[in-house]
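Down below is the structure, laid out as structure tokens.
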Amino acid sequence: MNLGFFTMPIHPLGKDWRTSLHEDRAAFLLADELGFSEAYVGEHTSDAAENITHCISFIAWIAAATKQIRLGTGTVNIPNTHPAAVAGQVAMLDHMLDGRFIFGISPGGLATDAEAFGSLNADRPAMFLEGINHILKIWESDAPYNIKGQFWNITTETQMLPEIGQGIMTKPLQRPHPPIVVTAVAPFSKGIVEAAARGWDPISANFLLRKWVKTHWPKYVEGCERAGRPADPANWRVARSIFVADDMNTARDYVFDANSPYRFYYSQLLTKMKKHGRANLFKHDQNMHDDDVTLEMVMDECITWGTPDKVADDILALRDEVGDFGTLLVAGKDWADVALSRRSMVLLAEKTMPIVNGALPTAMVAE
């Protein structure tokens, strides 16, 4: 099992933006030093807590400081940007990273972003599909372009000067394009089926109950079978909120105290999900009333915490419950205590994951 990192960072509203950005950067650089295989960063334009506004810019900022880790957008919210702009930015970023780029895409889930960009009442799934199709068409085509759609038309026909390069859009280093991943945030996600059928791979979000994460693998298999491609568990990424400490008391206090960044993170998410009618993500029983979904219930279900041994046991139990997957993505949180936050990543990489991977051959034989 590979170890990766995924952050849609949620920071306290009063925290200096420069501080939170530099701590987020430090987390990626530490993941690179520790041998994490890949790391993703999300984006929102209209959220003062989730305050990375452009994931491509953030990755460009840290690209030259990383050595081996693959960096991914988590995700580019396709309806919020013209597809020609995304195609050019991603192509350049793939070259900047010498092909270490992973293209994470989505329709975007933040309602105020959609409102700000004027698409709150638009068919955003249709915009998402047209946008990614346009991007892929740019990358597979030669100029001049004549790409038409319901939402965007792209051409350089009338102003092209091919002898000097004008009107020619750049292509990524990885051909035909970087690996594409989608983040699944719903039980029994139909999006996973469609993504898998197109050759894309899924990330199961860290704020899903384990029973809903389990529903994603059959959907991935369904899409792969439609496309005639093998459904390889190595291509499935599962994100979880994890905190590791040297002792149980430290771990418990940091996760559950009143000022815990984990409590703050899930309080923010639960508030948003209830507001927008998506609290079902946190319900074992879909008939349960939203008011009965408490923060304590969500934290107990969604956070893995403890000493390296305990966390290793919990990760193996997660795998037993949801099925085999290739990469565990630890979800980033605010570094309320910098030393403990860094120590958690070190312990996870150097103590916990060797235990997990040491146990997996036995588990596979038992299957």
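Residues in the structure tokens are named by chain (A, B, ... in the order shown) and by number from 1 within that chain; ligands are numbered from 1 in the order shown.
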Can you check which parts of stretch 72-155 of chain A lie within 8 Å of stretch 46-58 of chain A? Per residue, the shortest pair of atoms and distance in Å to one decimal, counting only C-alpha atoms, sorted by chain and number, as a Markdown table.
| residue | atom | partner | partner_atom | distance |
| --- | --- | --- | --- | --- |
| A:Thr73 | CA | A:Cys55 | CA | 5.9 |
| A:Gly74 | CA | A:Cys55 | CA | 7.4 |
| A:Thr75 | CA | A:Cys55 | CA | 7.3 |
| A:Val76 | CA | A:Cys55 | CA | 7.0 |
| A:Gln89 | CA | A:Ile56 | CA | 7.4 |
| A:Val90 | CA | A:Ile56 | CA | 7.4 |
| A:Leu93 | CA | A:Ile56 | CA | 7.6 |
| A:Thr112 | CA | A:Ser46 | CA | 6.2 |
| A:Asp113 | CA | A:Ser46 | CA | 5.6 |
| A:Ala116 | CA | A:Ser46 | CA | 7.6 |
- DSSP on the backbone: what in stretch 195-362 of chain A comes out helix (DSSP H, G or I), as number ranges by chain? A: 195-197, 210-213, 216-227, 233-235, 248-256, 261-275, 279-282, 290-292, 295-302, 308-322, 338-362
Residues of stretch 158-265 of chain A at most 12 Å from stretch 124-132 of chain A: nearest atom pair and distance in Å, only C-alpha atoms, as JSON lines:
{"residue": "A:His177", "atom": "CA", "partner": "A:Ile132", "partner_atom": "CA", "distance": 11.7}
{"residue": "A:Ile180", "atom": "CA", "partner": "A:Ile132", "partner_atom": "CA", "distance": 10.3}
{"residue": "A:Val181", "atom": "CA", "partner": "A:Ile132", "partner_atom": "CA", "distance": 12.0}
{"residue": "A:Val182", "atom": "CA", "partner": "A:Phe128", "partner_atom": "CA", "distance": 11.7}
{"residue": "A:Gly191", "atom": "CA", "partner": "A:Pro125", "partner_atom": "CA", "distance": 10.0}
{"residue": "A:Glu194", "atom": "CA", "partner": "A:Leu129", "partner_atom": "CA", "distance": 10.6}
{"residue": "A:Ala195", "atom": "CA", "partner": "A:Leu129", "partner_atom": "CA", "distance": 10.6}
{"residue": "A:Arg198", "atom": "CA", "partner": "A:Ile132", "partner_atom": "CA", "distance": 11.5}
{"residue": "A:Trp200", "atom": "CA", "partner": "A:Ile132", "partner_atom": "CA", "distance": 12.0}
For the residues in that selection, give me C-alpha atoms as a tab-separated table (two decimals), in the first residue's frame.
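Writing the result to again.tsv gives the following:
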chain	number	residue	atom	x	y	z
A	177	HIS	CA	-2.24	13.40	-21.24
A	180	ILE	CA	-6.76	11.73	-14.64
A	181	VAL	CA	-8.41	11.12	-11.26
A	182	VAL	CA	-11.80	12.08	-9.88
A	191	GLY	CA	-19.44	9.28	-11.41
A	194	GLU	CA	-18.31	6.95	-15.97
A	195	ALA	CA	-14.78	7.91	-14.96
A	198	ARG	CA	-13.01	6.64	-19.71
A	200	TRP	CA	-9.76	7.59	-15.18
- Message: Given only C-alpha atoms as the basis, pick out the residue of A:Glu321, A:Phe5, A:Ile69, A:Lys214 nearest to A:Asp32.
- Response: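 Residue with the minimum atom-to-atom distance to A:Asp32: A:Ile69.
Interatomic distance, atom CA of A:Ala196 to atom CA of A:His216: 11.0 Å.
The shell of residues at most 12 Å from A:Val293, with only C-alpha atoms counted and near chain neighbours (fewer than 5 positions) removed, consists of A:Tyr266, A:Ser267, A:Leu270, A:Thr271, A:Met273, A:Lys274, A:Arg278, A:Ala279, A:Asn280, A:Leu281, A:Phe282, A:Lys283, A:His284, A:Asp285, A:Gln286, A:Asn287, A:Met288, A:Val298, A:Met299, A:Asp300, A:Glu301.
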Would you put the residues from that selection into a file with N, CA and C atoms, as a PDB file, in the first residue's frame?
ATOM      1  N   TYR A 266     -14.052  18.984  10.843  1.00  0.00           N
ATOM      2  CA  TYR A 266     -15.321  18.278  10.653  1.00  0.00           C
ATOM      3  C   TYR A 266     -16.527  19.111  11.062  1.00  0.00           C
ATOM      4  N   SER A 267     -16.335  20.075  11.952  1.00  0.00           N
ATOM      5  CA  SER A 267     -17.413  21.004  12.252  1.00  0.00           C
ATOM      6  C   SER A 267     -17.760  21.836  11.029  1.00  0.00           C
ATOM      7  N   LEU A 270     -19.461  19.416   8.428  1.00  0.00           N
ATOM      8  CA  LEU A 270     -20.814  19.026   8.807  1.00  0.00           C
ATOM      9  C   LEU A 270     -21.784  20.186   8.619  1.00  0.00           C
ATOM     10  N   THR A 271     -21.355  21.387   8.970  1.00  0.00           N
ATOM     11  CA  THR A 271     -22.205  22.565   8.775  1.00  0.00           C
ATOM     12  C   THR A 271     -22.539  22.750   7.298  1.00  0.00           C
ATOM     13  N   MET A 273     -22.423  20.463   4.852  1.00  0.00           N
ATOM     14  CA  MET A 273     -23.222  19.365   4.315  1.00  0.00           C
ATOM     15  C   MET A 273     -24.685  19.478   4.732  1.00  0.00           C
ATOM     16  N   LYS A 274     -24.925  19.854   5.980  1.00  0.00           N
ATOM     17  CA  LYS A 274     -26.313  20.035   6.418  1.00  0.00           C
ATOM     18  C   LYS A 274     -26.975  21.193   5.676  1.00  0.00           C
ATOM     19  N   ARG A 278     -26.581  17.524   2.098  1.00  0.00           N
ATOM     20  CA  ARG A 278     -25.700  16.392   1.809  1.00  0.00           C
ATOM     21  C   ARG A 278     -25.219  15.690   3.084  1.00  0.00           C
ATOM     22  N   ALA A 279     -25.976  15.847   4.164  1.00  0.00           N
ATOM     23  CA  ALA A 279     -25.596  15.201   5.423  1.00  0.00           C
ATOM     24  C   ALA A 279     -25.695  13.684   5.338  1.00  0.00           C
ATOM     25  N   ASN A 280     -26.293  13.172   4.259  1.00  0.00           N
ATOM     26  CA  ASN A 280     -26.389  11.721   4.077  1.00  0.00           C
ATOM     27  C   ASN A 280     -25.023  11.051   4.045  1.00  0.00           C
ATOM     28  N   LEU A 281     -23.978  11.812   3.696  1.00  0.00           N
ATOM     29  CA  LEU A 281     -22.628  11.255   3.674  1.00  0.00           C
ATOM     30  C   LEU A 281     -22.218  10.733   5.048  1.00  0.00           C
ATOM     31  N   PHE A 282     -22.803  11.310   6.098  1.00  0.00           N
ATOM     32  CA  PHE A 282     -22.425  10.965   7.462  1.00  0.00           C
ATOM     33  C   PHE A 282     -23.447  10.053   8.140  1.00  0.00           C
ATOM     34  N   LYS A 283     -24.394   9.521   7.380  1.00  0.00           N
ATOM     35  CA  LYS A 283     -25.468   8.714   7.966  1.00  0.00           C
ATOM     36  C   LYS A 283     -25.297   7.241   7.633  1.00  0.00           C
ATOM     37  N   HIS A 284     -25.333   6.396   8.662  1.00  0.00           N
ATOM     38  CA  HIS A 284     -25.394   4.955   8.415  1.00  0.00           C
ATOM     39  C   HIS A 284     -26.774   4.576   7.896  1.00  0.00           C
ATOM     40  N   ASP A 285     -27.802   5.231   8.400  1.00  0.00           N
ATOM     41  CA  ASP A 285     -29.181   5.000   7.991  1.00  0.00           C
ATOM     42  C   ASP A 285     -29.672   6.252   7.280  1.00  0.00           C
ATOM     43  N   GLN A 286     -30.022   6.120   6.022  1.00  0.00           N
ATOM     44  CA  GLN A 286     -30.415   7.287   5.238  1.00  0.00           C
ATOM     45  C   GLN A 286     -31.740   7.893   5.681  1.00  0.00           C
ATOM     46  N   ASN A 287     -32.483   7.190   6.524  1.00  0.00           N
ATOM     47  CA  ASN A 287     -33.721   7.740   7.067  1.00  0.00           C
ATOM     48  C   ASN A 287     -33.484   8.598   8.309  1.00  0.00           C
ATOM     49  N   MET A 288     -32.275   8.633   8.755  1.00  0.00           N
ATOM     50  CA  MET A 288     -31.908   9.409   9.930  1.00  0.00           C
ATOM     51  C   MET A 288     -32.098  10.915   9.655  1.00  0.00           C
ATOM     52  N   VAL A 298     -19.568  11.911  13.730  1.00  0.00           N
ATOM     53  CA  VAL A 298     -18.779  12.045  12.506  1.00  0.00           C
ATOM     54  C   VAL A 298     -17.293  11.844  12.806  1.00  0.00           C
ATOM     55  N   MET A 299     -16.810  12.457  13.875  1.00  0.00           N
ATOM     56  CA  MET A 299     -15.398  12.335  14.228  1.00  0.00           C
ATOM     57  C   MET A 299     -15.030  10.901  14.593  1.00  0.00           C
ATOM     58  N   ASP A 300     -15.890  10.238  15.341  1.00  0.00           N
ATOM     59  CA  ASP A 300     -15.618   8.843  15.719  1.00  0.00           C
ATOM     60  C   ASP A 300     -15.492   7.952  14.494  1.00  0.00           C
ATOM     61  N   GLU A 301     -16.289   8.231  13.488  1.00  0.00           N
ATOM     62  CA  GLU A 301     -16.306   7.391  12.292  1.00  0.00           C
ATOM     63  C   GLU A 301     -15.175   7.733  11.329  1.00  0.00           C
TER      64      GLU A 301
END
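Of note, atom CA of A:Leu340 and atom CA of A:Ala65 are spaced 23.0 Å apart.
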Any idea what's packed within 12 Å of A:Ala339, counting only C-alpha atoms, ignoring anything in its chain fewer than 2 positions away? Could you give it as a PDB file with N, CA and C atoms, in the first residue's frame?
ATOM      1  N   GLU A  23       2.587  26.767   5.901  1.00  0.00           N
ATOM      2  CA  GLU A  23       2.437  25.472   6.566  1.00  0.00           C
ATOM      3  C   GLU A  23       1.927  24.413   5.601  1.00  0.00           C
ATOM      4  N   ALA A  26       4.857  23.418   3.611  1.00  0.00           N
ATOM      5  CA  ALA A  26       5.760  22.586   4.403  1.00  0.00           C
ATOM      6  C   ALA A  26       5.272  21.152   4.481  1.00  0.00           C
ATOM      7  N   ALA A  27       3.963  20.966   4.532  1.00  0.00           N
ATOM      8  CA  ALA A  27       3.414  19.610   4.580  1.00  0.00           C
ATOM      9  C   ALA A  27       3.742  18.839   3.306  1.00  0.00           C
ATOM     10  N   ALA A 245       0.535   9.772  17.081  1.00  0.00           N
ATOM     11  CA  ALA A 245       1.387  10.368  18.113  1.00  0.00           C
ATOM     12  C   ALA A 245       2.161   9.269  18.824  1.00  0.00           C
ATOM     13  N   TYR A 254      -5.188  15.760  21.014  1.00  0.00           N
ATOM     14  CA  TYR A 254      -5.022  16.594  19.832  1.00  0.00           C
ATOM     15  C   TYR A 254      -6.197  16.443  18.864  1.00  0.00           C
ATOM     16  N   TRP A 335      -2.129  23.034  10.851  1.00  0.00           N
ATOM     17  CA  TRP A 335      -1.036  22.703  11.770  1.00  0.00           C
ATOM     18  C   TRP A 335      -1.157  23.556  13.034  1.00  0.00           C
ATOM     19  N   ALA A 336      -2.176  23.275  13.838  1.00  0.00           N
ATOM     20  CA  ALA A 336      -2.365  24.023  15.081  1.00  0.00           C
ATOM     21  C   ALA A 336      -1.153  23.870  15.982  1.00  0.00           C
ATOM     22  N   ASP A 337      -0.589  22.678  16.027  1.00  0.00           N
ATOM     23  CA  ASP A 337       0.684  22.422  16.702  1.00  0.00           C
ATOM     24  C   ASP A 337       1.629  21.886  15.631  1.00  0.00           C
ATOM     25  N   SER A 341       2.066  18.006  14.336  1.00  0.00           N
ATOM     26  CA  SER A 341       1.606  17.740  12.971  1.00  0.00           C
ATOM     27  C   SER A 341       2.713  17.096  12.146  1.00  0.00           C
ATOM     28  N   ARG A 342       3.914  17.628  12.256  1.00  0.00           N
ATOM     29  CA  ARG A 342       5.041  17.041  11.533  1.00  0.00           C
ATOM     30  C   ARG A 342       5.350  15.637  12.067  1.00  0.00           C
ATOM     31  N   ARG A 343       5.305  15.490  13.382  1.00  0.00           N
ATOM     32  CA  ARG A 343       5.593  14.195  13.986  1.00  0.00           C
ATOM     33  C   ARG A 343       4.600  13.136  13.522  1.00  0.00           C
ATOM     34  N   SER A 344       3.344  13.517  13.355  1.00  0.00           N
ATOM     35  CA  SER A 344       2.331  12.574  12.889  1.00  0.00           C
ATOM     36  C   SER A 344       2.679  12.031  11.507  1.00  0.00           C
ATOM     37  N   MET A 345       3.108  12.907  10.599  1.00  0.00           N
ATOM     38  CA  MET A 345       3.466  12.457   9.258  1.00  0.00           C
ATOM     39  C   MET A 345       4.690  11.547   9.289  1.00  0.00           C
ATOM     40  N   VAL A 346       5.662  11.896  10.137  1.00  0.00           N
ATOM     41  CA  VAL A 346       6.873  11.071  10.247  1.00  0.00           C
ATOM     42  C   VAL A 346       6.525   9.684  10.791  1.00  0.00           C
TER      43      VAL A 346
END
Identify, on the basis of only C-alpha atoms, every residue whose closest approach to stretch 302-314 of chain A does not exceed 8 Å; exclude the query and any residue fewer than 3 positions from it along the same chain; express the result as an mmCIF file with C-alpha atoms, in the first residue's frame.
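And here is the file that came out, result_20.cif:
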data_model
loop_
_atom_site.group_PDB
_atom_site.id
_atom_site.type_symbol
_atom_site.label_atom_id
_atom_site.label_comp_id
_atom_site.auth_asym_id
_atom_site.auth_seq_id
_atom_site.Cartn_x
_atom_site.Cartn_y
_atom_site.Cartn_z
ATOM 1 C CA ASN A 206 -11.895 11.316 3.524
ATOM 2 C CA PHE A 207 -15.253 12.512 4.883
ATOM 3 C CA LEU A 208 -17.224 9.440 3.815
ATOM 4 C CA LEU A 209 -18.316 6.728 6.224
ATOM 5 C CA ARG A 210 -16.468 3.477 5.658
ATOM 6 C CA ARG A 240 -8.729 9.222 5.483
ATOM 7 C CA SER A 241 -8.134 11.665 8.324
ATOM 8 C CA ILE A 242 -5.253 10.244 10.376
ATOM 9 C CA PHE A 243 -3.299 11.476 13.372
ATOM 10 C CA VAL A 244 -0.406 9.531 14.872
ATOM 11 C CA ALA A 245 1.387 10.368 18.113
ATOM 12 C CA ASP A 246 3.936 8.702 20.363
ATOM 13 C CA ASP A 247 1.302 8.007 23.028
ATOM 14 C CA MET A 248 -2.470 7.579 23.186
ATOM 15 C CA ALA A 251 -3.254 11.570 20.156
ATOM 16 C CA ARG A 252 -6.654 11.646 21.879
ATOM 17 C CA VAL A 255 -7.913 15.032 17.922
ATOM 18 C CA VAL A 298 -18.779 12.045 12.506
ATOM 19 C CA MET A 299 -15.398 12.335 14.228
ATOM 20 C CA ALA A 317 -9.216 -3.074 9.492
ATOM 21 C CA LEU A 318 -10.280 -0.379 7.016
ATOM 22 C CA LEU A 347 5.377 8.354 12.458
ATOM 23 C CA LEU A 348 2.846 7.411 9.791
ATOM 24 C CA LYS A 351 6.454 3.426 11.819
ATOM 25 C CA THR A 352 2.850 2.760 10.807
ATOM 26 C CA MET A 353 3.109 1.997 7.089
ATOM 27 C CA ILE A 355 3.642 -2.445 9.898
ATOM 28 C CA VAL A 356 0.758 -2.225 7.428
#
- Item | Per-residue DSSP, stretch 225-350 of chain A, filtered to strand (DSSP E or B), as a list in words |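 Everything in stretch 225-350 of chain A that counts as strand (DSSP E or B) is Arg237, Val238, Ala239, Arg240, Ser241, Ile242, Phe243, Val244, Ile303, Thr304, Trp305, Gly306, Thr327, Leu328, Leu329, Val330 and Ala331 of chain A.
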- Note on the structure: For A:Asn133, the closest of A:Pro83, A:Pro172, A:Pro202, A:Pro12 counting only C-alpha atoms is A:Pro83
- Task: Can you work out which one of A:Arg70, A:Thr170, A:Ala143, A:Val330 has the shortest atom-to-atom distance to A:Thr158, counting only C-alpha atoms?
- Result: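 For A:Thr158, the nearest of the given residues is A:Ala143.
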